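**Student:** One structure follows; several queries about it will come next.
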Amino acid sequence: MIGLWDTTGNEVVKALAAERRSAGGVASGLALTLIAVVEEKKVREAEAAATIAASAHPCRLLIVVRSDLEGRSRLDAEIVVGGRLGPAEAVVMRMYGRLALHAESVVMPLLAPDVPVVTWWHSEPPDIIANDFLGVVADRRITDSKLAPDPVAALRQRAKDYAPGDTDLTWTRITLWRTLVAGAFDTTEERVTGALIVAPLNDPTAALMQGWLKSRLGIDPVWEHTDRSPRMHSVELQCANGDCVRVTRDEGTALFSRTGQEDRYMPLPKRPVGDELAEELRRLDPDQIYGEALGALAGVAGLDSKPAMRVHVWKDPMQAERAGEASGAFAGPGGSAG
Amino acid sequence: MGNPLRTAQDRRLPRIPEPCALVIFGVTGDLSRKKLIPAVYDLANRGLLPPGFVVLGFARRDWGDGDFESLAYEAAKKGARTPWREDVWTRLASQFQFVPGSFDDDAAFDHLATTLDDLRERNGIAGNAAFYFSIPPAAFPLVLNQLARTGMADNAKSGGWRRVVVEKPFGNDLKTAMALNKLVDEVFTPADVFRIDHYLGKETVQNILALRFANNLFEPVWNSKYVDSVQITMAEDVGIGTRAAFYDASGAARDVLQNHLLQLLALVGMEEPTSFDPNDVRAEKLKVLKAISLPADIAKGSVRGQYLPGWVAGERAVGYLEEANIPPDSTTETYVAVRLGIQNRRWAEVPFFVRVGKRMPRRVTEIAIMFKKAPHLPFDPADVEMLGNNQLVIRVQPDEGVVLKFGSKVPGTTMEVRDIAMDFQYGEAFTESSPEAYERLVLDVLVGDRTLFPDAAEIEQSWRVIDPLEAAWAGTKPEPYRSGEWGPRASDEMLAREGRAWRRA
């Protein structure tokens with residue numbers, strides 16, 4: 001590991017190259033560059049998650065921590081090749097002052113040549129991804145609406161701000177649920193006429209489940225709010241012939257019940273963020289099913305026909321603060337930047 | 001109408017089998033404990049088993065229900081690759097049932113049949129069952145006849161699918177293999193017979209197909225114009241372990257050459273399949289197997305070896321003849337090297353050197369494509385002395401990956417060229433958390449995907465390669481080699497005669 005304090009982007013590029021050279025045999029194929037946008041107190045968490053994900057998808061990991069926008073511009077960097085981050089090679093960068101608003105100037109030369117870039121916000125998702133150049137440069141963008149103060153509102157915002165290639169980890173979290181529910185209809189031809197989701201108000205996974213069922217089945221699932229369970233509690237589908245299929249969560253297991261059959265239990269573990277991230281990195285093309293579910297959730301149609309490329313929109317939070325209003329937008333990276 | 005909740009675009013949703021039962025014959029055996037039970041646990045833990053999945057264990061011993069449960073528990077916990085979760089196991093174990101009985105016991109099989117019928121009522125398993133033969137081949141006919149007698153193998157009668165999984169050895173020669181295939185195909189329908197060659201369940205072996213058919217870079221040079229020879233090596237550092245009786249009766253050629261290595265050869269040599277449909281892939285593999293030619297003089301084009309005492313990896317190893325339960329005058333081989341050819345336009349005149357051995361210096365399985373030297377070298381001969389053949393090596397295990405070996409300038413002020421290896425290793429995932437071969441294959445059986453299972457014709461064709469070798473070797477003595485060496489010297493000489501050498505694997 002190399003630590004560089006009060007350094008420059010060029011020094012970081014050189015140090016990473018030197019570390020790779022001296023590490024010798026560890027160099028393995030790189031499938032992608034993963035940019036993680038993190039707050040200081042979540043750096044270790046993000047590292048742990050990226051280590052798990054990197055074991056399935058060898059990647060260069062660039063962790064960007066931006067803080068203290070009002071202070072002096074300064075860059076600290078930590079370079080790890082092999083060792084505690086597993087097969088990933090990682091650069092943790094802490095950026096302060098005006099530099100933090102131009103994180104891309106440090107990150108761009110560190111992107112591995114010609115492999116896809118994935119940006120993951122392990123923090124409150126940005127309102128408008130186009131305002132963050134680290135999102136504009138990415139082929140895939142992963143947000144986590146659960147980290148927003150109002151997760152369901154954050155998901156609606158994701159629909160408004162959607163571009164193909166966006167996904168949200170709240171969607172990843174219901175893959176196991178969806179597997180169970182979809183599996184129930186592998187062996188029957190019954191038409192589904194209605195659905196009932198029991199989940200707390202503001203549960204983003206329930207909102208996506210509702211959107212998914214709506215978009216796939218053309219029904220209007222009912223969301224029954226509960227405060228007995230901190231997470232989604234159950235999903236029930238009613239069939240045309242009166243049969244009913246229900247999946248109920250109980251800690252790490254799901255109770256699977258179906259009219260006329262014995263109840264069964266299936267594993268429904270809460271996966272670590274690293275596993276969720278690994279699932280996301282499996283596919284670097286747009287997830288249309290997510291797009292449809294998100295569109296149904298927010299009542300926005302045609303999400304997947306939106307352009308996949310974003311154009312950077314400069315926004316200076318300092319200026320906004322000073323003026324007390326939204327600042328003017330200058331399009332493109334060539335736009336004026338303070 | 002398909003399932004409206006599934007679409008081809010939704011690749012997050014895994015393939016999950018229909019509700020079904022897995023019946024394991026010989027559930028207390030080695031394979032079942034080391035591979036099958038852990039694979040079933042891992043599948044459950046990954047959420048890949050359907051609700052309504054039952055394991056029926058059939059074995060001879062007088063086990064109580066509790067004994068069986070603790071055996072399965074130990075086995076799963078020891079062999080599991082995914083993290084251990086007690087609650088997953090408890091749920092799974094509640095779906096385990098033990099059916100005691102011997103294979104000639106009609107009552108036990110009637111009991112098994114009724115148990116399966118009961119499941120239909122109770123568990124919503126619409127008659128689906130896979131029978132896994134984790135038993136010695138001698139017992140196959142007995143069990144198959146029992147399944148036929150009770151009608152358990154009958155798709156129509158059971159109202160769902162009935163599949164059978166057979167492990168190697170698939171017979172002992174062409175004749176026995178054909179008899180076995182005939183018997184299995186009669187009792188079950190041929191499409192319901194799954195023959196496991198666990199090498200095909202390995203990620204790196206499946207990756208051979210991706211490497212060859214997803215890229216444009218390799219195919220143009222994948223032929224006799226550019227390839228000098230191909231070396232396929234499967235070396236094990238261990239001896240025969242506790243398999244003395246079986247091993248001494250078969251030997252290295254029947255044990256692994258007939259199945260694993262010829263399958264690797266088929267994947268490397270085959271033409272592009274029309275699609276990845278099981279029938280298309282098998283058709284191409286079969287064509288290559290049919291095109292295999294043996295050396296004109298088997299005595300010259302093959303070498304058998306048998307290990308002597310020696311040292312392997314810092315430990316003393318006994319010789320084959322000193323192993324427990326091996327007759328002191330045994331002429332069974334523990335090493336085989338053979339020069340095969342493939343008679344088609346792509347591979348004309350390209351030798352395929354295939355070798356397998358026990359008590360080699362290290363455990364390694366790899367396929368090396370040795371390219372021809374450049375037709376002209378505009379260098380001073382002294383400067384390219386260290387330049388060898390370009391090589392593309394597919395490492396199957398361990399350190400799964402691909403190596404490309406090519407010439408490169410030695411840094412300095414003179415133009416000197418030497419070989420360097422560009423080494424690509426798959427992420428840890430391919431070695432650590434990726435599904436074990438058996439996990440993948442058991443899932444494929446339950447889902448009904450036959451792509452990774454060799455069919456009867458492939459098995460029989462492989463025996464047509466082995467049988468003449470065995471016939472020529474009859475009455476000869478294998479060459480001795482010291483444990484911890486890369487086989488007998490005769491094997492090196494076989495390649496040296498034509499100006500080639502084994503790659504040190």
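All residue names refer to the structure tokens as shown: chains lettered A, B, ... in order, residues numbered from 1 in each chain, ligands numbered from 1 in order.
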Which polymer residues have any atom within 8 Å of an atom of B:Val393, counting only C-alpha atoms, with same-chain residues fewer than 2 positions away left out, as a list in words?
**Tutor:**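 In the requested format, the answer is Glu366, Ile367, Ala368, Ile369, Gln391, Arg395, Val402, Val403 and Leu404 of chain B.
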**Student:** Mind listing as a VMD selection string which residues of chain A are within 7 Å of chain B, counting only C-alpha atoms?
**Tutor:** chain A and resid 28 to 29 55 to 58 87 175 179 182 to 183 185 to 187 189 216 to 217 261 to 262 264 to 267 289
**Student:** Have a look at A:Lys146, A:Lys306, A:Arg44, A:Arg173 and name the one nearest to A:Pro269; count only C-alpha atoms.
**Tutor:** A:Arg173
**Student:** May I ask for the distance between atom CA of A:Leu75 and atom CA of A:Val13, given in Å to one decimal place?
**Tutor:**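 For atom CA of A:Leu75 relative to atom CA of A:Val13, the distance reads 12.9 Å.
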**Student:** Of the residues B:Ala210, B:Ala8, B:Leu446, B:Leu308, which is the one nearest to B:Val54, using only C-alpha atoms?
**Tutor:**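 Of the candidates, the smallest distance to B:Val54 is held by B:Leu446.
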**Student:** One number please: atom CA of A:Val273 to atom CA of A:Ala49, in Å, one decimal.
**Tutor:**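 For atom CA of A:Val273 relative to atom CA of A:Ala49, the distance reads 5.6 Å.
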**Student:** Just want the 12 Å neighbourhood of A:Asp287, counted on only C-alpha atoms, with same-chain residues fewer than 6 positions away dropped. Output as a PDB file with N, CA and C atoms, in the first residue's frame.
**Tutor:**
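Result went into result-v9.pdb, see below:
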```pdb
ATOM      1  N   ARG A 140     -22.530   2.253 -16.748  1.00  0.00           N
ATOM      2  CA  ARG A 140     -23.592   1.732 -15.865  1.00  0.00           C
ATOM      3  C   ARG A 140     -23.565   2.562 -14.600  1.00  0.00           C
ATOM      4  N   ARG A 141     -24.737   2.881 -14.073  1.00  0.00           N
ATOM      5  CA  ARG A 141     -24.805   3.684 -12.863  1.00  0.00           C
ATOM      6  C   ARG A 141     -25.663   2.956 -11.841  1.00  0.00           C
ATOM      7  N   ILE A 142     -25.130   2.825 -10.643  1.00  0.00           N
ATOM      8  CA  ILE A 142     -25.841   2.084  -9.602  1.00  0.00           C
ATOM      9  C   ILE A 142     -26.084   3.013  -8.425  1.00  0.00           C
ATOM     10  N   TYR A 162     -34.130   8.990 -15.331  1.00  0.00           N
ATOM     11  CA  TYR A 162     -33.635   7.708 -15.842  1.00  0.00           C
ATOM     12  C   TYR A 162     -32.900   7.804 -17.178  1.00  0.00           C
ATOM     13  N   ALA A 163     -31.869   7.013 -17.293  1.00  0.00           N
ATOM     14  CA  ALA A 163     -31.254   6.731 -18.597  1.00  0.00           C
ATOM     15  C   ALA A 163     -30.958   5.239 -18.616  1.00  0.00           C
ATOM     16  N   PRO A 164     -31.155   4.546 -19.757  1.00  0.00           N
ATOM     17  CA  PRO A 164     -30.855   3.110 -19.801  1.00  0.00           C
ATOM     18  C   PRO A 164     -29.426   2.854 -19.319  1.00  0.00           C
ATOM     19  N   GLY A 165     -29.280   1.872 -18.434  1.00  0.00           N
ATOM     20  CA  GLY A 165     -27.974   1.647 -17.814  1.00  0.00           C
ATOM     21  C   GLY A 165     -27.984   2.019 -16.345  1.00  0.00           C
ATOM     22  N   ASP A 166     -29.043   2.702 -15.914  1.00  0.00           N
ATOM     23  CA  ASP A 166     -29.205   2.991 -14.486  1.00  0.00           C
ATOM     24  C   ASP A 166     -29.840   1.787 -13.802  1.00  0.00           C
ATOM     25  N   THR A 167     -29.391   1.476 -12.603  1.00  0.00           N
ATOM     26  CA  THR A 167     -30.171   0.564 -11.760  1.00  0.00           C
ATOM     27  C   THR A 167     -30.043   1.033 -10.330  1.00  0.00           C
ATOM     28  N   ASP A 168     -30.863   0.458  -9.481  1.00  0.00           N
ATOM     29  CA  ASP A 168     -30.860   0.838  -8.085  1.00  0.00           C
ATOM     30  C   ASP A 168     -30.755  -0.432  -7.254  1.00  0.00           C
ATOM     31  N   TRP A 171     -33.648  -2.620  -6.243  1.00  0.00           N
ATOM     32  CA  TRP A 171     -34.116  -3.593  -7.239  1.00  0.00           C
ATOM     33  C   TRP A 171     -33.372  -4.918  -7.067  1.00  0.00           C
ATOM     34  N   THR A 172     -32.065  -4.828  -6.855  1.00  0.00           N
ATOM     35  CA  THR A 172     -31.267  -6.031  -6.643  1.00  0.00           C
ATOM     36  C   THR A 172     -31.785  -6.795  -5.423  1.00  0.00           C
ATOM     37  N   GLU A 280     -25.097  -6.846  -9.690  1.00  0.00           N
ATOM     38  CA  GLU A 280     -25.207  -5.723 -10.619  1.00  0.00           C
ATOM     39  C   GLU A 280     -24.136  -5.770 -11.697  1.00  0.00           C
ATOM     40  N   LEU A 281     -22.909  -6.139 -11.293  1.00  0.00           N
ATOM     41  CA  LEU A 281     -21.797  -6.082 -12.234  1.00  0.00           C
ATOM     42  C   LEU A 281     -21.834  -7.222 -13.250  1.00  0.00           C
ATOM     43  N   ALA A 293     -40.350  -1.685 -14.620  1.00  0.00           N
ATOM     44  CA  ALA A 293     -40.894  -1.673 -13.258  1.00  0.00           C
ATOM     45  C   ALA A 293     -40.828  -0.261 -12.683  1.00  0.00           C
ATOM     46  N   LEU A 294     -39.717   0.414 -12.914  1.00  0.00           N
ATOM     47  CA  LEU A 294     -39.542   1.764 -12.381  1.00  0.00           C
ATOM     48  C   LEU A 294     -40.544   2.717 -13.027  1.00  0.00           C
ATOM     49  N   LEU A 303     -39.442   4.681 -20.555  1.00  0.00           N
ATOM     50  CA  LEU A 303     -38.133   4.975 -19.969  1.00  0.00           C
ATOM     51  C   LEU A 303     -36.999   4.447 -20.835  1.00  0.00           C
ATOM     52  N   ASP A 304     -37.240   3.273 -21.471  1.00  0.00           N
ATOM     53  CA  ASP A 304     -36.123   2.652 -22.170  1.00  0.00           C
ATOM     54  C   ASP A 304     -35.819   3.288 -23.513  1.00  0.00           C
ATOM     55  N   ALA A 308     -29.289   6.883 -23.817  1.00  0.00           N
ATOM     56  CA  ALA A 308     -28.461   6.224 -22.808  1.00  0.00           C
ATOM     57  C   ALA A 308     -27.314   7.121 -22.348  1.00  0.00           C
TER      58      ALA A 308
ATOM     59  N   THR B   7     -39.087 -13.365 -18.595  1.00  0.00           N
ATOM     60  CA  THR B   7     -38.788 -13.057 -19.985  1.00  0.00           C
ATOM     61  C   THR B   7     -37.308 -13.310 -20.189  1.00  0.00           C
ATOM     62  N   ALA B   8     -36.932 -13.459 -21.446  1.00  0.00           N
ATOM     63  CA  ALA B   8     -35.532 -13.736 -21.743  1.00  0.00           C
ATOM     64  C   ALA B   8     -34.646 -12.584 -21.291  1.00  0.00           C
ATOM     65  N   GLN B   9     -35.207 -11.365 -21.273  1.00  0.00           N
ATOM     66  CA  GLN B   9     -34.394 -10.203 -20.888  1.00  0.00           C
ATOM     67  C   GLN B   9     -34.079 -10.197 -19.408  1.00  0.00           C
ATOM     68  N   ASP B  10     -34.923 -10.842 -18.636  1.00  0.00           N
ATOM     69  CA  ASP B  10     -34.737 -10.785 -17.178  1.00  0.00           C
ATOM     70  C   ASP B  10     -33.718 -11.826 -16.774  1.00  0.00           C
ATOM     71  N   ARG B  11     -32.443 -11.488 -16.941  1.00  0.00           N
ATOM     72  CA  ARG B  11     -31.423 -12.494 -16.689  1.00  0.00           C
ATOM     73  C   ARG B  11     -31.050 -12.610 -15.232  1.00  0.00           C
ATOM     74  N   ARG B  12     -31.681 -11.788 -14.391  1.00  0.00           N
ATOM     75  CA  ARG B  12     -31.404 -11.923 -12.961  1.00  0.00           C
ATOM     76  C   ARG B  12     -32.082 -13.171 -12.391  1.00  0.00           C
TER      77      ARG B  12
END
```
**Student:** Using only C-alpha atoms, which of the listed residues (A:Ala296, A:Val247, A:Ala199, A:Val107) sits closest to A:Ile219?
**Tutor:**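 With only C-alpha atoms as the atom set, the closest residue is A:Ala296.
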**Student:** Between B:Ser229, B:Gln461, B:Thr242, B:Gln146, which one has atoms that come closest to B:Leu495, using only C-alpha atoms?
**Tutor:**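 So, comparing all the options, the nearest one is B:Ser229.
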**Student:** Write out as a VMD selection string the set of residues from stretch 266-427 of chain B that DSSP, computed on the backbone, places in strand (DSSP E or B).
**Tutor:** chain B and resid 292 to 293 302 to 308 310 to 312 315 to 317 335 to 342 352 to 357 364 to 371 386 391 to 397 401 to 409 417 to 425
**Student:** Return as a PyMOL selection string the full set of residues in stretch 281-479 of chain B whose backbone-based DSSP assignment is alpha helix (DSSP H).
**Tutor:** chain B and resi 281-291+298-301+437-447+456-473
**Student:** Create the file for the chosen residues now, containing N, CA and C atoms and written as a short mmCIF file (atom, residue, chain, number, x, y, z; two decimals), in the first residue's frame.
**Tutor:**
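Saved result, selection12.cif, follows:
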```cif
data_model
loop_
_atom_site.label_atom_id
_atom_site.label_comp_id
_atom_site.auth_asym_id
_atom_site.auth_seq_id
_atom_site.Cartn_x
_atom_site.Cartn_y
_atom_site.Cartn_z
N VAL B 281 -24.29 -29.41 -30.27
CA VAL B 281 -22.98 -29.51 -29.64
C VAL B 281 -22.51 -30.96 -29.66
N ARG B 282 -23.40 -31.86 -29.30
CA ARG B 282 -23.03 -33.28 -29.28
C ARG B 282 -22.68 -33.78 -30.66
N ALA B 283 -23.41 -33.30 -31.67
CA ALA B 283 -23.14 -33.76 -33.03
C ALA B 283 -21.71 -33.41 -33.43
N GLU B 284 -21.25 -32.19 -33.08
CA GLU B 284 -19.90 -31.78 -33.44
C GLU B 284 -18.85 -32.55 -32.65
N LYS B 285 -19.14 -32.76 -31.36
CA LYS B 285 -18.18 -33.53 -30.55
C LYS B 285 -18.04 -34.94 -31.11
N LEU B 286 -19.16 -35.52 -31.48
CA LEU B 286 -19.13 -36.89 -31.99
C LEU B 286 -18.32 -36.98 -33.29
N LYS B 287 -18.46 -35.95 -34.13
CA LYS B 287 -17.70 -35.96 -35.38
C LYS B 287 -16.19 -36.01 -35.11
N VAL B 288 -15.74 -35.22 -34.15
CA VAL B 288 -14.30 -35.23 -33.84
C VAL B 288 -13.89 -36.59 -33.30
N LEU B 289 -14.70 -37.12 -32.37
CA LEU B 289 -14.34 -38.40 -31.77
C LEU B 289 -14.25 -39.48 -32.85
N LYS B 290 -15.14 -39.38 -33.84
CA LYS B 290 -15.11 -40.37 -34.92
C LYS B 290 -13.88 -40.21 -35.79
N ALA B 291 -13.35 -38.98 -35.84
CA ALA B 291 -12.21 -38.72 -36.72
C ALA B 291 -10.87 -39.02 -36.05
N ILE B 298 1.07 -48.86 -32.46
CA ILE B 298 0.69 -48.44 -31.11
C ILE B 298 1.86 -48.58 -30.14
N ALA B 299 2.70 -49.60 -30.36
CA ALA B 299 3.83 -49.79 -29.46
C ALA B 299 4.76 -48.58 -29.50
N LYS B 300 4.87 -47.95 -30.65
CA LYS B 300 5.76 -46.80 -30.77
C LYS B 300 5.06 -45.50 -30.42
N GLY B 301 3.77 -45.44 -30.70
CA GLY B 301 3.04 -44.18 -30.53
C GLY B 301 2.34 -44.05 -29.20
N ALA B 437 -18.47 -28.25 -9.97
CA ALA B 437 -18.96 -28.93 -11.17
C ALA B 437 -20.25 -29.69 -10.89
N TYR B 438 -20.30 -30.38 -9.75
CA TYR B 438 -21.47 -31.19 -9.47
C TYR B 438 -22.71 -30.35 -9.24
N GLU B 439 -22.50 -29.17 -8.62
CA GLU B 439 -23.64 -28.31 -8.37
C GLU B 439 -24.30 -27.94 -9.70
N ARG B 440 -23.47 -27.50 -10.63
CA ARG B 440 -23.97 -27.12 -11.94
C ARG B 440 -24.66 -28.29 -12.63
N LEU B 441 -24.02 -29.48 -12.55
CA LEU B 441 -24.55 -30.61 -13.29
C LEU B 441 -25.84 -31.14 -12.68
N VAL B 442 -25.91 -31.15 -11.34
CA VAL B 442 -27.15 -31.61 -10.70
C VAL B 442 -28.29 -30.67 -11.08
N LEU B 443 -28.00 -29.37 -11.08
CA LEU B 443 -29.03 -28.41 -11.47
C LEU B 443 -29.46 -28.64 -12.92
N ASP B 444 -28.49 -28.88 -13.80
CA ASP B 444 -28.82 -29.12 -15.20
C ASP B 444 -29.71 -30.35 -15.36
N VAL B 445 -29.43 -31.39 -14.57
CA VAL B 445 -30.27 -32.59 -14.65
C VAL B 445 -31.70 -32.23 -14.26
N LEU B 446 -31.86 -31.49 -13.16
CA LEU B 446 -33.20 -31.20 -12.66
C LEU B 446 -33.93 -30.25 -13.60
N VAL B 447 -33.18 -29.35 -14.24
CA VAL B 447 -33.80 -28.43 -15.19
C VAL B 447 -34.05 -29.14 -16.52
N ALA B 456 -24.81 -41.43 -25.42
CA ALA B 456 -24.36 -42.81 -25.58
C ALA B 456 -23.40 -42.95 -26.74
N ALA B 457 -23.69 -42.25 -27.86
CA ALA B 457 -22.85 -42.38 -29.04
C ALA B 457 -21.43 -41.89 -28.75
N GLU B 458 -21.31 -40.79 -27.99
CA GLU B 458 -19.97 -40.28 -27.65
C GLU B 458 -19.21 -41.29 -26.79
N ILE B 459 -19.91 -41.86 -25.82
CA ILE B 459 -19.27 -42.83 -24.94
C ILE B 459 -18.75 -44.01 -25.77
N GLU B 460 -19.62 -44.52 -26.65
CA GLU B 460 -19.23 -45.69 -27.43
C GLU B 460 -18.08 -45.36 -28.37
N GLN B 461 -18.12 -44.15 -28.95
CA GLN B 461 -17.04 -43.76 -29.84
C GLN B 461 -15.72 -43.64 -29.07
N SER B 462 -15.78 -43.15 -27.84
CA SER B 462 -14.56 -43.05 -27.04
C SER B 462 -13.97 -44.43 -26.78
N TRP B 463 -14.84 -45.39 -26.55
CA TRP B 463 -14.32 -46.75 -26.34
C TRP B 463 -13.67 -47.30 -27.60
N ARG B 464 -14.16 -46.87 -28.74
CA ARG B 464 -13.55 -47.33 -29.99
C ARG B 464 -12.12 -46.82 -30.11
N VAL B 465 -11.81 -45.75 -29.39
CA VAL B 465 -10.43 -45.27 -29.37
C VAL B 465 -9.60 -46.08 -28.37
N ILE B 466 -10.21 -46.38 -27.25
CA ILE B 466 -9.47 -47.03 -26.17
C ILE B 466 -9.25 -48.53 -26.43
N ASP B 467 -10.26 -49.19 -26.95
CA ASP B 467 -10.18 -50.64 -27.09
C ASP B 467 -8.95 -51.14 -27.87
N PRO B 468 -8.65 -50.55 -29.05
CA PRO B 468 -7.45 -51.03 -29.77
C PRO B 468 -6.16 -50.78 -28.98
N LEU B 469 -6.14 -49.69 -28.21
CA LEU B 469 -4.96 -49.44 -27.38
C LEU B 469 -4.80 -50.55 -26.36
N GLU B 470 -5.91 -50.83 -25.65
CA GLU B 470 -5.86 -51.86 -24.62
C GLU B 470 -5.45 -53.21 -25.25
N ALA B 471 -5.98 -53.48 -26.44
CA ALA B 471 -5.66 -54.75 -27.09
C ALA B 471 -4.17 -54.84 -27.39
N ALA B 472 -3.60 -53.72 -27.86
CA ALA B 472 -2.18 -53.73 -28.20
C ALA B 472 -1.30 -53.83 -26.95
N TRP B 473 -1.81 -53.29 -25.85
CA TRP B 473 -1.02 -53.30 -24.62
C TRP B 473 -1.09 -54.64 -23.89
#
```
**Student:** Determine the nearest neighbour of B:Thr150 from the options B:Ala107, B:Ala179, B:Val166, B:Val336, counting only C-alpha atoms.
**Tutor:**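 With only C-alpha atoms as the atom set, the closest residue is B:Ala107.
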**Student:** Near B:Phe353, counting only C-alpha atoms, which residues have an atom at most 10 Å away, once you skip same-chain residues fewer than 3 positions from it, shown as a short mmCIF file (atom, residue, chain, number, x, y, z; two decimals) with N, CA and C atoms, in the first residue's frame?
**Tutor:**
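That gives us selection_38.cif:
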```
data_model
loop_
_atom_site.label_atom_id
_atom_site.label_comp_id
_atom_site.auth_asym_id
_atom_site.auth_seq_id
_atom_site.Cartn_x
_atom_site.Cartn_y
_atom_site.Cartn_z
N SER B 229 1.29 -28.80 -32.95
CA SER B 229 0.79 -29.96 -32.21
C SER B 229 -0.01 -29.47 -31.03
N VAL B 230 -0.75 -30.39 -30.43
CA VAL B 230 -1.55 -30.06 -29.26
C VAL B 230 -1.16 -31.02 -28.15
N GLN B 231 -0.95 -30.49 -26.95
CA GLN B 231 -0.63 -31.36 -25.81
C GLN B 231 -1.73 -31.22 -24.77
N ILE B 232 -2.30 -32.34 -24.39
CA ILE B 232 -3.31 -32.31 -23.34
C ILE B 232 -2.78 -33.12 -22.16
N THR B 233 -2.69 -32.48 -21.03
CA THR B 233 -2.07 -33.10 -19.87
C THR B 233 -3.04 -33.14 -18.70
N LEU B 265 -10.32 -33.17 -25.62
CA LEU B 265 -9.83 -33.19 -27.00
C LEU B 265 -10.97 -32.83 -27.96
N GLY B 301 3.77 -45.44 -30.70
CA GLY B 301 3.04 -44.18 -30.53
C GLY B 301 2.34 -44.05 -29.20
N SER B 302 2.64 -44.93 -28.27
CA SER B 302 2.03 -44.78 -26.94
C SER B 302 3.01 -45.31 -25.89
N ALA B 337 0.69 -42.06 -22.17
CA ALA B 337 0.86 -40.98 -23.13
C ALA B 337 0.60 -41.60 -24.48
N VAL B 338 -0.19 -40.90 -25.29
CA VAL B 338 -0.49 -41.47 -26.60
C VAL B 338 -0.55 -40.36 -27.64
N ARG B 339 -0.11 -40.71 -28.85
CA ARG B 339 -0.11 -39.76 -29.94
C ARG B 339 -1.33 -40.03 -30.80
N LEU B 340 -2.30 -39.14 -30.72
CA LEU B 340 -3.51 -39.31 -31.51
C LEU B 340 -3.51 -38.32 -32.66
N GLY B 341 -4.35 -38.58 -33.64
CA GLY B 341 -4.51 -37.63 -34.73
C GLY B 341 -6.00 -37.40 -34.95
N VAL B 350 -1.64 -32.93 -37.66
CA VAL B 350 -1.33 -32.31 -36.36
C VAL B 350 -1.45 -33.36 -35.27
N ILE B 367 -4.42 -27.69 -21.50
CA ILE B 367 -4.40 -27.96 -22.93
C ILE B 367 -3.47 -26.94 -23.54
N ALA B 368 -2.43 -27.41 -24.23
CA ALA B 368 -1.48 -26.47 -24.83
C ALA B 368 -1.54 -26.59 -26.34
N LEU B 495 8.35 -38.22 -28.02
CA LEU B 495 8.26 -36.90 -28.64
C LEU B 495 9.58 -36.48 -29.26
N TRP B 502 7.72 -32.47 -24.48
CA TRP B 502 6.58 -32.14 -23.62
C TRP B 502 6.80 -30.75 -23.02
#
```
**Student:** Quick one: of A:Thr7, A:Thr193, A:Ser305, A:Asn131, who's nearest to A:Pro286, counting only C-alpha atoms?
**Tutor:**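 Closest residue, counting only C-alpha atoms: A:Ser305.
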**Student:** List the neighbours of B:Asp105 out to 10 Å using only C-alpha atoms; skip same-chain residues closer than 4 positions along the sequence, and give me the result as a list in words.
**Tutor:** Arg60, Pro100, Gly101, Phe109, Asp110, Leu142, Val143 and Gln146 of chain B
**Student:** With a distance cut-off of 12 Å and only C-alpha atoms, select the neighbouring residues of A:Met232, excluding the residue or stretch itself and same-chain residues fewer than 2 positions from it, and output the selection as a VMD selection string.
**Tutor:** chain A and resid 170 173 to 174 177 196 to 210 223 to 230 234 to 236 247 to 251 254 268 270
**Student:** Near A:Leu30, within 8 Å and counting only C-alpha atoms, which residues show up once chain neighbours fewer than 3 positions away are dropped, as a ChimeraX atom specification?
**Tutor:** /A:33,57-60,112,115
**Student:** Based on the selection just made, write N, CA and C atoms of those residues as a compact mmCIF listing (two decimals), in the first residue's frame.
**Tutor:**
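The new file out.txt reads:
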```txt
# COMPACT_ATOMS: atom_id res chain seq x y z
N THR A 33 -13.90 -0.88 -14.67
CA THR A 33 -13.47 0.05 -13.63
C THR A 33 -14.70 0.39 -12.80
N HIS A 57 -15.80 -10.26 -10.41
CA HIS A 57 -15.60 -9.39 -11.56
C HIS A 57 -14.33 -8.58 -11.35
N PRO A 58 -13.19 -9.11 -11.77
CA PRO A 58 -11.93 -8.41 -11.52
C PRO A 58 -12.02 -6.96 -12.00
N CYS A 59 -11.72 -6.02 -11.13
CA CYS A 59 -11.92 -4.63 -11.52
C CYS A 59 -10.89 -3.72 -10.89
N ARG A 60 -10.78 -2.53 -11.46
CA ARG A 60 -10.03 -1.48 -10.81
C ARG A 60 -11.04 -0.65 -10.04
N ALA A 112 -9.30 2.32 -16.39
CA ALA A 112 -8.57 1.31 -17.17
C ALA A 112 -8.99 1.45 -18.63
N VAL A 115 -12.26 -0.51 -20.99
CA VAL A 115 -13.18 -1.45 -20.35
C VAL A 115 -14.33 -0.62 -19.78
```
**Student:** If I take atom CA of B:Pro220 and atom CA of B:Glu271, how far is one from the other in Å, to one decimal?
**Tutor:**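 These atoms are spaced 12.4 Å apart.
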